[in-house]
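Quick notes on the structure that follows.
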Amino acid sequence: MIRFEPVDTVVGAVVSGCDLTQVPDQDDIALIEAALEKYGVLIFRDQQISPAQQIAFSRAFAALERTSRVSARLDGHPEIFVVGNVDGKVVSFAPADGSDELEWHADHMHLAVPARASMLYCLETPPVGGETLFACMYAAYDALSAEAKDRAEGLTALHSVSGLQTFLRTKGVKGAAEGEYTSPETLTVRWPLVRHHPLTGRKALYFGSKVTIGIEGWPDEKARPYLTRLEAEATAERFRYAHAWRPGDAVLWDNRRVLHAGTPYDMRYPRRMHRTTWREEHPIA
């Protein structure tokens, strides 16, 4: 029987009784889907899964997206996005300079079809650093004043991978978000700053700290300070869960209601993570 034990933060639950080597049936799918919306982040400990098993489990819930960075696709399993610093590649979304400045985002928010959920499986991780932080955008929206809510709900945010690439270059991660892409790097997409979860209708903020490059109709000198202030408020400690990885961890998160950010780690140690990315099937607008 699958059980969910909430962690002591506003998002997150540890899952027991679920073997990711097995394709879930419809009852388990419904149970996990409901828990994913309720808790935002689901933590599966002590899993031993192959790439094919991770793909099969994920595909039971959604069509899977392939990363546009072709060189980061796992050989023989293109649905797996390899994140880390192995095989002579650096695929990282965290600053290399030890900076507290992080790139909060939801996966694929810079694409015409974003990701509704993502599963990251840890094979190797450094002894220190490399945590993933998750911030609850339900709680962040709810904490805004009535005036701030009204303002946010009237805004459309602009997103582009170019914002992420510029940030990482200035933070010392050479090639971290660059390489071969099957879609234009300069593509800009527009999403409402406040979105509604299709399962519950709850409102959540939807933006990134760097991948969001502006507000539609606003000059940059107005948009950037607003987004910076909003990031500071929305990703405050009280809205976060910090996941310290260990091999065998699989973490599934709901991109519709949480933002996440990677923290720096010592590149002398290997870090190898496999991500499957679940395609969004409901319109955001």
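Here, A, B, ... name the chains of the structure tokens in the order displayed, residue numbers run from 1 inside each chain, and ligands are numbered from 1 in the same displayed order.
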Considering only strand (DSSP E or B) as DSSP defines it on the backbone, what residues of region 32-258 of chain A qualify? List them as an mmCIF file with N, CA and C atoms, in the first residue's frame.
data_model
loop_
_atom_site.group_PDB
_atom_site.id
_atom_site.type_symbol
_atom_site.label_atom_id
_atom_site.label_comp_id
_atom_site.auth_asym_id
_atom_site.auth_seq_id
_atom_site.Cartn_x
_atom_site.Cartn_y
_atom_site.Cartn_z
ATOM 1 N N VAL A 41 5.904 17.975 -3.889
ATOM 2 C CA VAL A 41 7.158 17.246 -4.060
ATOM 3 C C VAL A 41 7.004 15.882 -3.388
ATOM 4 N N LEU A 42 7.283 14.807 -4.126
ATOM 5 C CA LEU A 42 7.213 13.454 -3.583
ATOM 6 C C LEU A 42 8.609 12.836 -3.610
ATOM 7 N N ILE A 43 9.034 12.281 -2.472
ATOM 8 C CA ILE A 43 10.380 11.745 -2.316
ATOM 9 C C ILE A 43 10.299 10.223 -2.198
ATOM 10 N N PHE A 44 10.922 9.517 -3.128
ATOM 11 C CA PHE A 44 10.975 8.058 -3.133
ATOM 12 C C PHE A 44 12.406 7.658 -2.757
ATOM 13 N N LEU A 64 6.225 12.011 -22.548
ATOM 14 C CA LEU A 64 7.504 12.518 -22.062
ATOM 15 C C LEU A 64 8.158 13.415 -23.104
ATOM 16 N N GLU A 65 8.789 14.469 -22.608
ATOM 17 C CA GLU A 65 9.534 15.393 -23.454
ATOM 18 C C GLU A 65 11.010 15.012 -23.480
ATOM 19 N N ARG A 69 18.562 19.930 -25.518
ATOM 20 C CA ARG A 69 20.027 19.793 -25.564
ATOM 21 C C ARG A 69 20.347 18.349 -25.930
ATOM 22 N N ARG A 73 21.070 13.931 -23.833
ATOM 23 C CA ARG A 73 20.182 12.776 -23.839
ATOM 24 C C ARG A 73 20.999 11.504 -23.599
ATOM 25 N N LEU A 74 20.452 10.598 -22.812
ATOM 26 C CA LEU A 74 21.144 9.355 -22.509
ATOM 27 C C LEU A 74 21.152 8.456 -23.734
ATOM 28 N N HIS A 77 18.380 5.941 -24.650
ATOM 29 C CA HIS A 77 17.169 6.329 -23.913
ATOM 30 C C HIS A 77 17.013 7.840 -24.008
ATOM 31 N N PRO A 78 16.608 8.362 -25.157
ATOM 32 C CA PRO A 78 16.584 9.820 -25.343
ATOM 33 C C PRO A 78 15.587 10.547 -24.459
ATOM 34 N N GLU A 79 14.675 9.828 -23.815
ATOM 35 C CA GLU A 79 13.748 10.470 -22.885
ATOM 36 C C GLU A 79 14.419 10.823 -21.556
ATOM 37 N N ILE A 80 15.612 10.305 -21.326
ATOM 38 C CA ILE A 80 16.362 10.599 -20.103
ATOM 39 C C ILE A 80 17.292 11.782 -20.356
ATOM 40 N N PHE A 81 17.152 12.812 -19.534
ATOM 41 C CA PHE A 81 18.013 13.990 -19.561
ATOM 42 C C PHE A 81 19.065 13.780 -18.471
ATOM 43 N N VAL A 82 20.340 13.700 -18.865
ATOM 44 C CA VAL A 82 21.422 13.452 -17.915
ATOM 45 C C VAL A 82 21.916 14.794 -17.378
ATOM 46 N N VAL A 83 21.758 14.985 -16.090
ATOM 47 C CA VAL A 83 22.145 16.225 -15.420
ATOM 48 C C VAL A 83 23.344 15.926 -14.523
ATOM 49 N N GLY A 84 24.369 16.767 -14.594
ATOM 50 C CA GLY A 84 25.532 16.572 -13.734
ATOM 51 C C GLY A 84 26.817 16.969 -14.418
ATOM 52 N N VAL A 91 26.304 19.650 -17.206
ATOM 53 C CA VAL A 91 24.912 20.058 -17.368
ATOM 54 C C VAL A 91 24.423 20.439 -15.976
ATOM 55 N N HIS A 105 13.061 28.262 -11.063
ATOM 56 C CA HIS A 105 12.304 28.096 -12.298
ATOM 57 C C HIS A 105 11.393 26.881 -12.183
ATOM 58 N N ALA A 115 6.655 21.791 -18.951
ATOM 59 C CA ALA A 115 6.584 20.507 -18.246
ATOM 60 C C ALA A 115 5.597 20.612 -17.103
ATOM 61 N N ARG A 116 4.745 19.622 -16.960
ATOM 62 C CA ARG A 116 3.815 19.636 -15.830
ATOM 63 C C ARG A 116 4.422 18.994 -14.596
ATOM 64 N N ALA A 117 5.326 18.057 -14.785
ATOM 65 C CA ALA A 117 6.005 17.431 -13.656
ATOM 66 C C ALA A 117 7.350 16.908 -14.134
ATOM 67 N N SER A 118 8.257 16.682 -13.182
ATOM 68 C CA SER A 118 9.579 16.151 -13.499
ATOM 69 C C SER A 118 9.966 15.147 -12.432
ATOM 70 N N MET A 119 10.677 14.084 -12.863
ATOM 71 C CA MET A 119 11.233 13.117 -11.922
ATOM 72 C C MET A 119 12.739 13.078 -12.094
ATOM 73 N N LEU A 120 13.474 13.302 -10.999
ATOM 74 C CA LEU A 120 14.935 13.288 -11.018
ATOM 75 C C LEU A 120 15.413 12.142 -10.136
ATOM 76 N N TYR A 121 16.258 11.291 -10.713
ATOM 77 C CA TYR A 121 16.765 10.110 -10.024
ATOM 78 C C TYR A 121 18.263 10.245 -9.842
ATOM 79 N N CYS A 122 18.738 10.019 -8.626
ATOM 80 C CA CYS A 122 20.143 10.223 -8.281
ATOM 81 C C CYS A 122 20.927 8.919 -8.352
ATOM 82 N N LEU A 123 21.982 8.912 -9.181
ATOM 83 C CA LEU A 123 22.905 7.791 -9.236
ATOM 84 C C LEU A 123 24.206 8.083 -8.494
ATOM 85 N N GLU A 124 24.730 9.318 -8.630
ATOM 86 C CA GLU A 124 25.928 9.742 -7.915
ATOM 87 C C GLU A 124 25.735 11.180 -7.468
ATOM 88 N N GLY A 129 26.992 19.694 -0.780
ATOM 89 C CA GLY A 129 26.426 20.582 -1.795
ATOM 90 C C GLY A 129 25.551 19.838 -2.785
ATOM 91 N N THR A 132 18.787 20.333 -3.984
ATOM 92 C CA THR A 132 17.758 20.977 -4.786
ATOM 93 C C THR A 132 16.749 21.605 -3.836
ATOM 94 N N LEU A 133 16.461 22.878 -4.049
ATOM 95 C CA LEU A 133 15.498 23.601 -3.236
ATOM 96 C C LEU A 133 14.170 23.685 -3.983
ATOM 97 N N PHE A 134 13.092 23.515 -3.263
ATOM 98 C CA PHE A 134 11.746 23.628 -3.828
ATOM 99 C C PHE A 134 10.975 24.680 -3.050
ATOM 100 N N ALA A 135 10.249 25.538 -3.753
ATOM 101 C CA ALA A 135 9.468 26.600 -3.115
ATOM 102 C C ALA A 135 8.004 26.479 -3.545
ATOM 103 N N CYS A 136 7.112 26.560 -2.578
ATOM 104 C CA CYS A 136 5.682 26.394 -2.813
ATOM 105 C C CYS A 136 5.071 27.690 -3.339
ATOM 106 N N THR A 156 1.515 39.399 -17.552
ATOM 107 C CA THR A 156 2.023 38.287 -18.360
ATOM 108 C C THR A 156 3.540 38.338 -18.330
ATOM 109 N N ALA A 157 4.156 37.214 -17.967
ATOM 110 C CA ALA A 157 5.609 37.151 -17.875
ATOM 111 C C ALA A 157 6.203 36.598 -19.162
ATOM 112 N N LEU A 158 7.410 37.058 -19.480
ATOM 113 C CA LEU A 158 8.138 36.641 -20.680
ATOM 114 C C LEU A 158 9.290 35.739 -20.249
ATOM 115 N N HIS A 159 9.457 34.600 -20.964
ATOM 116 C CA HIS A 159 10.448 33.609 -20.573
ATOM 117 C C HIS A 159 11.315 33.225 -21.770
ATOM 118 N N TYR A 181 20.932 22.512 -29.548
ATOM 119 C CA TYR A 181 19.523 22.657 -29.227
ATOM 120 C C TYR A 181 18.704 22.386 -30.479
ATOM 121 N N VAL A 189 8.539 32.989 -24.814
ATOM 122 C CA VAL A 189 7.145 32.588 -24.636
ATOM 123 C C VAL A 189 6.512 33.450 -23.551
ATOM 124 N N ARG A 190 5.199 33.490 -23.545
ATOM 125 C CA ARG A 190 4.429 34.342 -22.644
ATOM 126 C C ARG A 190 3.442 33.489 -21.851
ATOM 127 N N TRP A 191 3.516 33.592 -20.529
ATOM 128 C CA TRP A 191 2.569 32.883 -19.662
ATOM 129 C C TRP A 191 2.038 33.850 -18.609
ATOM 130 N N PRO A 192 0.796 33.642 -18.160
ATOM 131 C CA PRO A 192 0.281 34.456 -17.055
ATOM 132 C C PRO A 192 1.178 34.311 -15.825
ATOM 133 N N VAL A 194 0.205 34.453 -12.850
ATOM 134 C CA VAL A 194 -0.566 33.635 -11.913
ATOM 135 C C VAL A 194 -1.317 32.579 -12.717
ATOM 136 N N ARG A 195 -1.053 31.314 -12.401
ATOM 137 C CA ARG A 195 -1.752 30.237 -13.098
ATOM 138 C C ARG A 195 -2.644 29.477 -12.115
ATOM 139 N N HIS A 196 -3.565 28.683 -12.670
ATOM 140 C CA HIS A 196 -4.483 27.885 -11.859
ATOM 141 C C HIS A 196 -4.157 26.406 -12.064
ATOM 142 N N LYS A 203 -4.500 28.895 -7.113
ATOM 143 C CA LYS A 203 -3.642 29.848 -7.803
ATOM 144 C C LYS A 203 -2.205 29.715 -7.318
ATOM 145 N N ALA A 204 -1.283 29.833 -8.286
ATOM 146 C CA ALA A 204 0.140 29.754 -7.976
ATOM 147 C C ALA A 204 0.883 30.755 -8.843
ATOM 148 N N LEU A 205 1.946 31.325 -8.293
ATOM 149 C CA LEU A 205 2.828 32.167 -9.098
ATOM 150 C C LEU A 205 3.604 31.296 -10.068
ATOM 151 N N THR A 212 12.915 33.950 -16.595
ATOM 152 C CA THR A 212 11.889 34.962 -16.864
ATOM 153 C C THR A 212 12.602 36.281 -17.118
ATOM 154 N N ILE A 213 12.475 36.778 -18.332
ATOM 155 C CA ILE A 213 13.292 37.918 -18.748
ATOM 156 C C ILE A 213 12.536 39.242 -18.729
ATOM 157 N N GLY A 214 11.241 39.220 -18.425
ATOM 158 C CA GLY A 214 10.526 40.483 -18.396
ATOM 159 C C GLY A 214 9.037 40.320 -18.150
ATOM 160 N N ILE A 215 8.352 41.431 -18.142
ATOM 161 C CA ILE A 215 6.896 41.502 -18.032
ATOM 162 C C ILE A 215 6.377 42.177 -19.294
ATOM 163 N N ARG A 240 9.999 26.865 1.639
ATOM 164 C CA ARG A 240 10.931 25.947 0.977
ATOM 165 C C ARG A 240 10.997 24.553 1.613
ATOM 166 N N TYR A 241 11.378 23.605 0.744
ATOM 167 C CA TYR A 241 11.892 22.308 1.168
ATOM 168 C C TYR A 241 13.240 22.129 0.472
ATOM 169 N N ALA A 242 14.274 21.728 1.227
ATOM 170 C CA ALA A 242 15.612 21.500 0.675
ATOM 171 C C ALA A 242 15.881 20.009 0.655
ATOM 172 N N HIS A 243 16.155 19.473 -0.538
ATOM 173 C CA HIS A 243 16.423 18.030 -0.638
ATOM 174 C C HIS A 243 17.912 17.776 -0.763
ATOM 175 N N ALA A 250 14.689 9.208 -5.724
ATOM 176 C CA ALA A 250 13.950 9.731 -6.876
ATOM 177 C C ALA A 250 12.977 10.771 -6.338
ATOM 178 N N VAL A 251 12.989 11.945 -6.913
ATOM 179 C CA VAL A 251 12.108 13.015 -6.465
ATOM 180 C C VAL A 251 11.232 13.449 -7.638
ATOM 181 N N LEU A 252 9.958 13.481 -7.383
ATOM 182 C CA LEU A 252 8.961 13.884 -8.375
ATOM 183 C C LEU A 252 8.336 15.185 -7.911
ATOM 184 N N TRP A 253 8.303 16.193 -8.786
ATOM 185 C CA TRP A 253 7.714 17.469 -8.382
ATOM 186 C C TRP A 253 6.741 17.984 -9.432
ATOM 187 N N ASP A 254 5.829 18.803 -8.943
ATOM 188 C CA ASP A 254 4.748 19.372 -9.744
ATOM 189 C C ASP A 254 5.159 20.770 -10.193
ATOM 190 N N VAL A 258 5.215 24.372 -7.859
ATOM 191 C CA VAL A 258 6.467 24.639 -7.159
ATOM 192 C C VAL A 258 7.509 25.155 -8.148
#
Find the spatial neighbours of Asn85 (chain A), counting only C-alpha atoms, within a cut-off of 6 Å - ignore same-chain residues fewer than 4 positions away - and output them as a list in words. Lys89, Val90 and Arg271 of chain A
For Glu33 (chain A), please output as a VMD selection string all residues within 10 Å (counting only C-alpha atoms; exclusion window: fewer than 4 positions along the same chain). chain A and resid 27 to 29 37 to 38 61 199 254
Surrounding residues of Tyr141 (chain A) excluding itself and chain neighbours under 4 positions, 12 Å, only C-alpha atoms, as a PyMOL selection string: chain A and resi 135-137+145-153+193-196+202-207+230-231+233-235+239+257-258
Taking N, CA and C atoms for each residue, export the selection above as an mmCIF file, in the first residue's frame.
data_model
loop_
_atom_site.group_PDB
_atom_site.id
_atom_site.type_symbol
_atom_site.label_atom_id
_atom_site.label_comp_id
_atom_site.auth_asym_id
_atom_site.auth_seq_id
_atom_site.Cartn_x
_atom_site.Cartn_y
_atom_site.Cartn_z
ATOM 1 N N ALA A 135 10.249 25.538 -3.753
ATOM 2 C CA ALA A 135 9.468 26.600 -3.115
ATOM 3 C C ALA A 135 8.004 26.479 -3.545
ATOM 4 N N CYS A 136 7.112 26.560 -2.578
ATOM 5 C CA CYS A 136 5.682 26.394 -2.813
ATOM 6 C C CYS A 136 5.071 27.690 -3.339
ATOM 7 N N MET A 137 4.583 27.662 -4.562
ATOM 8 C CA MET A 137 3.987 28.862 -5.143
ATOM 9 C C MET A 137 2.521 29.037 -4.776
ATOM 10 N N SER A 145 -0.266 40.408 -0.405
ATOM 11 C CA SER A 145 -1.371 41.285 -0.028
ATOM 12 C C SER A 145 -2.426 41.267 -1.123
ATOM 13 N N ALA A 146 -3.625 41.717 -0.793
ATOM 14 C CA ALA A 146 -4.704 41.766 -1.781
ATOM 15 C C ALA A 146 -4.304 42.640 -2.969
ATOM 16 N N GLU A 147 -3.638 43.735 -2.695
ATOM 17 C CA GLU A 147 -3.189 44.629 -3.771
ATOM 18 C C GLU A 147 -2.148 43.944 -4.651
ATOM 19 N N ALA A 148 -1.212 43.229 -4.038
ATOM 20 C CA ALA A 148 -0.175 42.542 -4.814
ATOM 21 C C ALA A 148 -0.767 41.414 -5.643
ATOM 22 N N LYS A 149 -1.770 40.727 -5.112
ATOM 23 C CA LYS A 149 -2.441 39.672 -5.879
ATOM 24 C C LYS A 149 -3.123 40.257 -7.106
ATOM 25 N N ASP A 150 -3.857 41.344 -6.926
ATOM 26 C CA ASP A 150 -4.545 41.971 -8.049
ATOM 27 C C ASP A 150 -3.559 42.398 -9.136
ATOM 28 N N ARG A 151 -2.448 42.925 -8.710
ATOM 29 C CA ARG A 151 -1.439 43.364 -9.674
ATOM 30 C C ARG A 151 -0.865 42.183 -10.435
ATOM 31 N N ALA A 152 -0.493 41.127 -9.707
ATOM 32 C CA ALA A 152 0.124 39.962 -10.344
ATOM 33 C C ALA A 152 -0.823 39.289 -11.322
ATOM 34 N N GLU A 153 -2.106 39.236 -10.993
ATOM 35 C CA GLU A 153 -3.053 38.534 -11.844
ATOM 36 C C GLU A 153 -3.302 39.252 -13.161
ATOM 37 N N LEU A 193 1.383 35.377 -15.114
ATOM 38 C CA LEU A 193 2.204 35.334 -13.906
ATOM 39 C C LEU A 193 1.514 34.529 -12.807
ATOM 40 N N VAL A 194 0.205 34.453 -12.850
ATOM 41 C CA VAL A 194 -0.566 33.635 -11.913
ATOM 42 C C VAL A 194 -1.317 32.579 -12.717
ATOM 43 N N ARG A 195 -1.053 31.314 -12.401
ATOM 44 C CA ARG A 195 -1.752 30.237 -13.098
ATOM 45 C C ARG A 195 -2.644 29.477 -12.115
ATOM 46 N N HIS A 196 -3.565 28.683 -12.670
ATOM 47 C CA HIS A 196 -4.483 27.885 -11.859
ATOM 48 C C HIS A 196 -4.157 26.406 -12.064
ATOM 49 N N ARG A 202 -6.471 25.970 -7.704
ATOM 50 C CA ARG A 202 -5.692 26.842 -6.816
ATOM 51 C C ARG A 202 -4.714 27.700 -7.602
ATOM 52 N N LYS A 203 -4.500 28.895 -7.113
ATOM 53 C CA LYS A 203 -3.642 29.848 -7.803
ATOM 54 C C LYS A 203 -2.205 29.715 -7.318
ATOM 55 N N ALA A 204 -1.283 29.833 -8.286
ATOM 56 C CA ALA A 204 0.140 29.754 -7.976
ATOM 57 C C ALA A 204 0.883 30.755 -8.843
ATOM 58 N N LEU A 205 1.946 31.325 -8.293
ATOM 59 C CA LEU A 205 2.828 32.167 -9.098
ATOM 60 C C LEU A 205 3.604 31.296 -10.068
ATOM 61 N N TYR A 206 3.897 31.845 -11.254
ATOM 62 C CA TYR A 206 4.577 31.067 -12.295
ATOM 63 C C TYR A 206 5.596 31.971 -12.976
ATOM 64 N N PHE A 207 6.833 31.881 -12.502
ATOM 65 C CA PHE A 207 7.893 32.713 -13.056
ATOM 66 C C PHE A 207 9.226 32.128 -12.606
ATOM 67 N N LEU A 230 9.732 39.988 -6.164
ATOM 68 C CA LEU A 230 8.791 38.876 -6.107
ATOM 69 C C LEU A 230 9.530 37.572 -5.818
ATOM 70 N N GLU A 231 10.691 37.378 -6.431
ATOM 71 C CA GLU A 231 11.487 36.183 -6.159
ATOM 72 C C GLU A 231 11.863 36.102 -4.681
ATOM 73 N N GLU A 233 10.390 37.338 -2.114
ATOM 74 C CA GLU A 233 9.222 37.033 -1.297
ATOM 75 C C GLU A 233 8.758 35.599 -1.501
ATOM 76 N N ALA A 234 8.714 35.147 -2.760
ATOM 77 C CA ALA A 234 8.115 33.852 -3.084
ATOM 78 C C ALA A 234 8.995 32.670 -2.707
ATOM 79 N N THR A 235 10.315 32.889 -2.627
ATOM 80 C CA THR A 235 11.228 31.782 -2.337
ATOM 81 C C THR A 235 11.832 31.913 -0.937
ATOM 82 N N PHE A 239 8.780 29.057 2.745
ATOM 83 C CA PHE A 239 8.055 28.401 1.665
ATOM 84 C C PHE A 239 8.842 27.239 1.051
ATOM 85 N N ARG A 257 2.985 23.988 -9.488
ATOM 86 C CA ARG A 257 2.796 24.634 -8.183
ATOM 87 C C ARG A 257 4.060 24.784 -7.355
ATOM 88 N N VAL A 258 5.215 24.372 -7.859
ATOM 89 C CA VAL A 258 6.467 24.639 -7.159
ATOM 90 C C VAL A 258 7.509 25.155 -8.148
#
So the first atom is CA of Val15 (chain A) and the second is CA of Tyr138 (chain A); what is the distance between them in Å, to one decimal place? 21.3 Å
Pro126 (chain A): which residues within 9 Å, counting only C-alpha atoms, same-chain residues fewer than 6 positions away excluded, as a list of chain:residue names? A:Trp245, A:Arg246, A:Tyr265, A:Asp266, A:Met267, A:Arg268, A:Tyr269, A:Pro270, A:Arg271
Could you check the closest approach to Val113 (chain A) for each of A:Met273, A:Ile284, A:Leu31, A:Leu155 and tell me which residue wins, using only C-alpha atoms?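 Smallest distance to Val113 (chain A) is found for A:Ile284.
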Give me every alpha helix (DSSP H) residue in region 4-168 of chain A, going by DSSP on the backbone, as a ChimeraX atom specification. /A:26-39,51-59,137-142,146-153,161-168
Which is closest to Arg275 (chain A) among A:Leu227, A:Leu187, A:Thr67, A:Tyr39, if we use only C-alpha atoms? A:Thr67
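Closest approach to Asn255 (chain A) among A:Thr166, A:Gly17, A:Gly40, A:Glu101 is made by A:Gly40 (distances from only C-alpha atoms).
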